[in-house]
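Structure data (PDB, C-alpha atoms) from input06.pdb:
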ATOM      1  CA  MET S  30     -31.275  11.124 -58.706
ATOM      2  CA  ALA S  31     -32.154  13.388 -55.758
ATOM      3  CA  GLN S  32     -34.176  10.563 -54.219
ATOM      4  CA  VAL S  33     -31.167   8.212 -54.538
ATOM      5  CA  MET S  34     -28.914  10.807 -52.858
ATOM      6  CA  ASP S  35     -31.476  11.334 -50.080
ATOM      7  CA  GLY S  36     -31.671   7.571 -49.574
ATOM      8  CA  MET S  37     -27.878   7.303 -49.396
ATOM      9  CA  ASN S  38     -27.666  10.223 -46.935
ATOM     10  CA  GLN S  39     -30.289   8.602 -44.738
ATOM     11  CA  GLN S  40     -28.333   5.336 -44.857
ATOM     12  CA  TRP S  41     -25.143   7.152 -43.828
ATOM     13  CA  VAL S  42     -26.970   8.932 -41.009
ATOM     14  CA  ALA S  43     -28.501   5.653 -39.851
ATOM     15  CA  TRP S  44     -25.115   3.902 -40.096
ATOM     16  CA  GLY S  45     -23.443   6.764 -38.183
ATOM     17  CA  MET S  46     -26.122   6.725 -35.488
ATOM     18  CA  GLY S  47     -25.834   2.938 -35.208
ATOM     19  CA  THR S  48     -22.046   3.185 -34.893
ATOM     20  CA  LEU S  49     -22.351   5.857 -32.192
ATOM     21  CA  LEU S  50     -24.867   3.700 -30.340
ATOM     22  CA  VAL S  51     -22.558   0.654 -30.511
ATOM     23  CA  LEU S  52     -19.592   2.740 -29.306
ATOM     24  CA  PHE S  53     -21.658   4.166 -26.469
ATOM     25  CA  LEU S  54     -22.818   0.694 -25.398
ATOM     26  CA  LEU S  55     -19.224  -0.555 -25.639
ATOM     27  CA  TRP S  56     -18.066   2.344 -23.438
ATOM     28  CA  LEU S  57     -20.799   1.542 -20.892
ATOM     29  CA  GLY S  58     -19.774  -2.123 -20.910
ATOM     30  CA  ILE S  59     -16.086  -1.305 -20.339
ATOM     31  CA  ARG S  60     -16.988   1.090 -17.544
ATOM     32  CA  ALA S  61     -19.225  -1.506 -15.864
ATOM     33  CA  PHE S  62     -16.477  -4.139 -16.202
ATOM     34  CA  LYS S  63     -13.911  -1.798 -14.573
ATOM     35  CA  ARG S  64     -16.289  -1.128 -11.682
ATOM     36  CA  TYR S  65     -16.880  -4.849 -11.277
ATOM     37  CA  ARG S  66     -13.110  -5.502 -11.201
ATOM     38  CA  MET S  67     -12.651  -2.725  -8.627
ATOM     39  CA  ARG S  68     -15.331  -4.287  -6.401
ATOM     40  CA  LEU S  69     -13.612  -7.672  -6.727
ATOM     41  CA  ARG S  70     -10.262  -6.139  -5.776
ATOM     42  CA  ARG S  71     -11.765  -4.454  -2.736
ATOM     43  CA  ALA S  72     -13.287  -7.772  -1.699
ATOM     44  CA  ARG S  73      -9.910  -9.450  -2.225
ATOM     45  CA  LEU S  74      -8.313  -7.075   0.283
ATOM     46  CA  ASP S  75     -10.104  -8.870   3.115
ATOM     47  CA  PRO S  76      -7.208  -9.676   5.493
ATOM     48  CA  ARG S  77      -8.913 -12.909   6.568
ATOM     49  CA  LYS S  78      -8.747 -14.246   3.014
ATOM     50  CA  MET S  79      -5.465 -12.805   1.733
ATOM     51  CA  THR S  80      -2.356 -14.937   1.331
ATOM     52  CA  ILE S  81       1.228 -13.951   0.649
ATOM     53  CA  ALA S  82       0.687 -15.076  -2.959
ATOM     54  CA  ASP S  83      -2.147 -12.531  -3.246
ATOM     55  CA  ILE S  84       0.124  -9.852  -1.798
ATOM     56  CA  ASP S  85       2.856 -10.728  -4.302
ATOM     57  CA  ASP S  86       0.350 -10.031  -7.108
ATOM     58  CA  MET S  87      -0.614  -6.604  -5.730
ATOM     59  CA  GLU S  88       0.466  -3.207  -6.943
ATOM     60  CA  GLY S  89       1.917  -0.758  -4.419
ATOM     61  CA  ALA S  90      -1.286   1.236  -3.849
ATOM     62  CA  GLU S  91      -3.290  -1.958  -3.385
ATOM     63  CA  PHE S  92      -0.760  -3.184  -0.785
ATOM     64  CA  GLU S  93      -1.149   0.099   1.099
ATOM     65  CA  ARG S  94      -4.953  -0.278   1.139
ATOM     66  CA  TYR S  95      -4.601  -3.873   2.326
ATOM     67  CA  LEU S  96      -2.308  -2.819   5.196
ATOM     68  CA  HIS S  97      -4.723  -0.055   6.149
ATOM     69  CA  ARG S  98      -7.523  -2.587   6.444
ATOM     70  CA  LEU S  99      -5.297  -5.100   8.285
ATOM     71  CA  PHE S 100      -4.084  -2.530  10.823
ATOM     72  CA  SER S 101      -7.644  -1.267  11.372
ATOM     73  CA  GLU S 102      -8.859  -4.794  12.058
ATOM     74  CA  LEU S 103      -5.909  -5.441  14.385
ATOM     75  CA  GLY S 104      -7.320  -2.672  16.574
ATOM     76  CA  TYR S 105      -5.656   0.531  15.399
ATOM     77  CA  ASP S 106      -8.959   2.389  15.220
ATOM     78  CA  ASP S 107      -7.394   5.643  14.046
ATOM     79  CA  ALA S 108      -5.308   4.043  11.261
ATOM     80  CA  GLU S 109      -5.373   6.425   8.329
ATOM     81  CA  LYS S 110      -4.174   5.871   4.782
ATOM     82  CA  THR S 111      -2.423   8.898   3.315
ATOM     83  CA  LYS S 112      -3.148  10.247  -0.162
ATOM     84  CA  ASP S 113      -1.332   8.369  -2.916
ATOM     85  CA  SER S 114      -0.036  11.456  -4.694
ATOM     86  CA  SER S 115       1.167  13.526  -1.733
ATOM     87  CA  ASP S 116       1.956  11.206   1.163
ATOM     88  CA  PHE S 117       5.204  12.993   2.167
ATOM     89  CA  GLY S 118       6.891   9.626   2.678
ATOM     90  CA  ALA S 119       4.294   7.820   4.811
ATOM     91  CA  ASP S 120       1.555   5.495   3.592
ATOM     92  CA  LEU S 121      -0.164   4.802   6.895
ATOM     93  CA  ILE S 122      -0.504   6.731  10.159
ATOM     94  CA  PHE S 123      -1.713   5.146  13.396
ATOM     95  CA  THR S 124      -1.486   5.518  17.163
ATOM     96  CA  ASP S 125      -0.165   2.489  19.056
ATOM     97  CA  ARG S 126      -1.340   1.104  22.388
ATOM     98  CA  LEU S 127       0.930   3.486  24.319
ATOM     99  CA  GLY S 128      -0.542   6.514  22.563
ATOM    100  CA  VAL S 129       2.503   7.029  20.310
ATOM    101  CA  ARG S 130       1.802   8.213  16.766
ATOM    102  CA  ASN S 131       3.515   6.065  14.127
ATOM    103  CA  VAL S 132       4.141   6.604  10.436
ATOM    104  CA  LEU S 133       4.579   3.590   8.191
ATOM    105  CA  GLN S 134       6.119   3.289   4.740
ATOM    106  CA  ALA S 135       4.743   0.261   2.835
ATOM    107  CA  LYS S 136       6.904  -1.337   0.148
ATOM    108  CA  ARG S 137       5.331  -4.064  -1.985
ATOM    109  CA  TYR S 138       8.409  -5.663  -3.532
ATOM    110  CA  GLY S 139       9.120  -9.145  -4.851
ATOM    111  CA  ALA S 140      10.341 -11.784  -2.427
ATOM    112  CA  THR S 141      13.871 -11.707  -3.842
ATOM    113  CA  GLN S 142      14.245  -7.926  -3.967
ATOM    114  CA  ALA S 143      15.990  -5.822  -1.322
ATOM    115  CA  ILE S 144      14.773  -2.594   0.240
ATOM    116  CA  GLY S 145      17.251   0.278   0.001
ATOM    117  CA  LEU S 146      17.931   3.564   1.735
ATOM    118  CA  ASP S 147      15.068   5.465   0.132
ATOM    119  CA  ALA S 148      12.397   3.716   2.237
ATOM    120  CA  VAL S 149      14.110   4.761   5.477
ATOM    121  CA  GLN S 150      14.792   8.286   4.226
ATOM    122  CA  GLU S 151      11.190   8.784   3.117
ATOM    123  CA  VAL S 152       9.499   7.542   6.282
ATOM    124  CA  TYR S 153      11.985   9.244   8.615
ATOM    125  CA  GLY S 154      11.491  12.501   6.700
ATOM    126  CA  SER S 155       7.708  12.224   7.107
ATOM    127  CA  MET S 156       7.773  12.100  10.925
ATOM    128  CA  ARG S 157       7.836  15.822  11.519
ATOM    129  CA  TYR S 158       5.146  16.511   8.920
ATOM    130  CA  TYR S 159       2.746  14.040  10.575
ATOM    131  CA  ASP S 160       3.894  14.949  14.114
ATOM    132  CA  ALA S 161       4.880  11.317  14.723
ATOM    133  CA  GLU S 162       7.313   9.928  17.262
ATOM    134  CA  ARG S 163       8.046   6.592  15.627
ATOM    135  CA  CYS S 164       8.455   5.247  12.106
ATOM    136  CA  ILE S 165       8.282   1.831  10.471
ATOM    137  CA  VAL S 166       9.101   0.330   7.085
ATOM    138  CA  LEU S 167       6.954  -2.741   6.318
ATOM    139  CA  THR S 168       7.658  -4.711   3.168
ATOM    140  CA  SER S 169       6.889  -7.925   1.350
ATOM    141  CA  ALA S 170      10.564  -8.123   0.341
ATOM    142  CA  ALA S 171      12.726 -10.689   2.110
ATOM    143  CA  ARG S 172      15.696  -8.469   2.887
ATOM    144  CA  PHE S 173      17.081  -4.987   3.392
ATOM    145  CA  THR S 174      20.390  -3.699   2.061
ATOM    146  CA  ASN S 175      23.195  -3.236   4.593
ATOM    147  CA  SER S 176      23.085   0.529   4.150
ATOM    148  CA  CYS S 177      19.321   0.490   4.766
ATOM    149  CA  ILE S 178      19.787  -1.500   7.979
ATOM    150  CA  THR S 179      22.523   0.873   9.155
ATOM    151  CA  LEU S 180      20.559   4.051   8.445
ATOM    152  CA  ALA S 181      17.424   2.563  10.032
ATOM    153  CA  GLY S 182      19.360   1.534  13.126
ATOM    154  CA  VAL S 183      21.013   4.924  13.568
ATOM    155  CA  ASN S 184      17.638   6.704  13.211
ATOM    156  CA  GLU S 185      15.576   4.168  15.192
ATOM    157  CA  VAL S 186      13.416   3.210  12.221
ATOM    158  CA  LYS S 187      11.703  -0.153  12.744
ATOM    159  CA  LEU S 188      12.233  -2.539   9.798
ATOM    160  CA  LEU S 189       9.636  -5.261   9.231
ATOM    161  CA  GLY S 190      10.390  -7.641   6.354
ATOM    162  CA  ARG S 191       8.610 -10.513   4.651
ATOM    163  CA  ASP S 192       8.915 -12.936   7.583
ATOM    164  CA  ASP S 193       7.526 -10.275   9.917
ATOM    165  CA  LEU S 194       4.626  -9.621   7.546
ATOM    166  CA  LEU S 195       3.875 -13.360   7.410
ATOM    167  CA  PHE S 196       3.970 -13.528  11.221
ATOM    168  CA  ILE S 197       1.548 -10.583  11.516
ATOM    169  CA  ILE S 198      -0.821 -12.197   9.010
ATOM    170  CA  ARG S 199      -0.691 -15.586  10.775
ATOM    171  CA  CYS S 200      -1.328 -13.987  14.172
ATOM    172  CA  PHE S 201      -4.231 -11.982  12.764
ATOM    173  CA  LYS S 202      -5.874 -15.017  11.180
ATOM    174  CA  ALA S 203      -5.396 -17.026  14.394
ATOM    175  CA  GLY S 204      -6.947 -14.251  16.480
ATOM    176  CA  LYS S 205      -3.637 -13.613  18.291
ATOM    177  CA  TYR S 206      -3.814  -9.856  17.811
ATOM    178  CA  GLU S 207      -1.621  -9.050  20.815
ATOM    179  CA  GLN S 208       1.316 -10.973  19.340
ATOM    180  CA  ALA S 209       0.986  -9.114  16.043
ATOM    181  CA  LEU S 210       0.766  -5.765  17.855
ATOM    182  CA  ASP S 211       3.786  -6.656  20.013
ATOM    183  CA  LEU S 212       5.881  -7.169  16.878
ATOM    184  CA  ILE S 213       4.631  -3.996  15.199
ATOM    185  CA  GLU S 214       5.285  -1.938  18.321
ATOM    186  CA  SER S 215       8.627  -3.543  19.242
ATOM    187  CA  GLU S 216      11.688  -1.308  19.380
ATOM    188  CA  ALA S 217      13.898  -0.788  16.362
ATOM    189  CA  GLU S 218      17.293  -2.484  16.356
ATOM    190  CA  LEU S 219      19.786   0.249  17.150
ATOM    191  CA  VAL S 220      23.075   0.715  15.326
ATOM    192  CA  THR S 221      25.800   3.071  16.503
ATOM    193  CA  SER S 222      26.949   5.537  13.881
ATOM    194  CA  PRO S 223      30.651   5.247  13.021
ATOM    195  CA  TRP S 224      30.771   9.027  13.304
ATOM    196  CA  GLN S 225      29.693   8.838  16.924
ATOM    197  CA  GLN S 226      32.437   6.295  17.618
ATOM    198  CA  ASP S 227      35.036   8.621  16.067
ATOM    199  CA  GLU S 228      33.906  11.485  18.301
ATOM    200  CA  LYS S 229      34.393   9.396  21.441
ATOM    201  CA  ARG S 230      38.027   8.620  20.630
TER
END
As structure tokens, what does this structure read like?
Amino acid sequence: MAQVMDGMNQQWVAWGMGTLLVLFLLWLGIRAFKRYRMRLRRARLDPRKMTIADIDDMEGAEFERYLHRLFSELGYDDAEKTKDSSDFGADLIFTDRLGVRNVLQAKRYGATQAIGLDAVQEVYGSMRYYDAERCIVLTSAARFTNSCITLAGVNEVKLLGRDDLLFIIRCFKAGKYEQALDLIESEAELVTSPWQQDEKR
């Protein structure tokens, strides 16, 4: 009887060890697969290969990394991606051709969605923290809400929407970097605050 019990215990130990080995190998396989997917995603962020359809499939953090790479390859050598968890309202910081530091808020939204006030508030609020003189909102969305446009215009925040993003991408792929940079660095459309108008009366 003792020999039978010893045999059963050894079987259970062997079965347990085999199960642990299978689980360990499974864990290694999942980890290797995740690393492989991450490498593929990084390769996909090549601005020369990306399309707007690829951008529409991205998550927000991936869009920010893509823009960082795109801006770096456009010639903004000091372009820096902020930390995801504590960006203080800016996703990208760069110095333009005139030596002006810019902060950029990236919004990866669907083509039919609209960008609201929060994007302008966040990037405008980040300027002092990053010691920037100019701020931009760049999005894959096709439009901005009226209140967003008004607040951006009053605060001189440059708004770049889906058509602007497509133009920048086309210029980059065609080697027309100057045209892309001209759009990025163009002045914001100004809007007069109704409060300022009331004061003048």
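A straight line drawn from atom CA of Leu195 of chain S to atom CA of Tyr105 of chain S is 18.6 Å long.
This file, filtered with the PyMOL selection byres ((chain S and resi 126) around 12), gives the residues Leu103, Gly104, Tyr105, Asp106, Asp107, Phe123, Thr124, Asp125, Leu127, Gly128, Val129, Arg130, Asn131, Glu207, Leu210, Asp211, Ile213, Glu214 and Ser215 of chain S.
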Please save C-alpha atoms of the selected residues as a short mmCIF file (atom, residue, chain, number, x, y, z; two decimals), in the coordinates of the input.
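Saved to result.cif:
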data_model
loop_
_atom_site.label_atom_id
_atom_site.label_comp_id
_atom_site.auth_asym_id
_atom_site.auth_seq_id
_atom_site.Cartn_x
_atom_site.Cartn_y
_atom_site.Cartn_z
CA LEU S 103 -5.91 -5.44 14.38
CA GLY S 104 -7.32 -2.67 16.57
CA TYR S 105 -5.66 0.53 15.40
CA ASP S 106 -8.96 2.39 15.22
CA ASP S 107 -7.39 5.64 14.05
CA PHE S 123 -1.71 5.15 13.40
CA THR S 124 -1.49 5.52 17.16
CA ASP S 125 -0.16 2.49 19.06
CA LEU S 127 0.93 3.49 24.32
CA GLY S 128 -0.54 6.51 22.56
CA VAL S 129 2.50 7.03 20.31
CA ARG S 130 1.80 8.21 16.77
CA ASN S 131 3.52 6.06 14.13
CA GLU S 207 -1.62 -9.05 20.82
CA LEU S 210 0.77 -5.76 17.86
CA ASP S 211 3.79 -6.66 20.01
CA ILE S 213 4.63 -4.00 15.20
CA GLU S 214 5.28 -1.94 18.32
CA SER S 215 8.63 -3.54 19.24
#
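Between Met156 of chain S and the candidates S:Ile122, S:Leu194, S:Val51, S:Ser115, the tightest atom-to-atom separation, counting all atoms listed in the file, involves S:Ile122.
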Separating atom CA of Phe62 of chain S from atom CA of Thr111 of chain S, to the nearest tenth of an Å, is a gap of 27.4 Å
Quick check on the file I pasted: which residues fall under the PyMOL selection byres ((chain S and resi 172) around 12)? Write them as a compact mmCIF listing (two decimals) with C-alpha atoms, in the coordinates of the input.
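Generated file (selection-v2.txt):
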# COMPACT_ATOMS: atom_id res chain seq x y z
CA LYS S 136 6.90 -1.34 0.15
CA TYR S 138 8.41 -5.66 -3.53
CA GLY S 139 9.12 -9.14 -4.85
CA ALA S 140 10.34 -11.78 -2.43
CA THR S 141 13.87 -11.71 -3.84
CA GLN S 142 14.24 -7.93 -3.97
CA ALA S 143 15.99 -5.82 -1.32
CA ILE S 144 14.77 -2.59 0.24
CA GLY S 145 17.25 0.28 0.00
CA VAL S 166 9.10 0.33 7.08
CA LEU S 167 6.95 -2.74 6.32
CA THR S 168 7.66 -4.71 3.17
CA SER S 169 6.89 -7.92 1.35
CA ALA S 170 10.56 -8.12 0.34
CA ALA S 171 12.73 -10.69 2.11
CA PHE S 173 17.08 -4.99 3.39
CA THR S 174 20.39 -3.70 2.06
CA ASN S 175 23.20 -3.24 4.59
CA SER S 176 23.08 0.53 4.15
CA CYS S 177 19.32 0.49 4.77
CA ILE S 178 19.79 -1.50 7.98
CA LEU S 188 12.23 -2.54 9.80
CA LEU S 189 9.64 -5.26 9.23
CA GLY S 190 10.39 -7.64 6.35
CA ARG S 191 8.61 -10.51 4.65
CA ASP S 192 8.91 -12.94 7.58
CA ASP S 193 7.53 -10.28 9.92
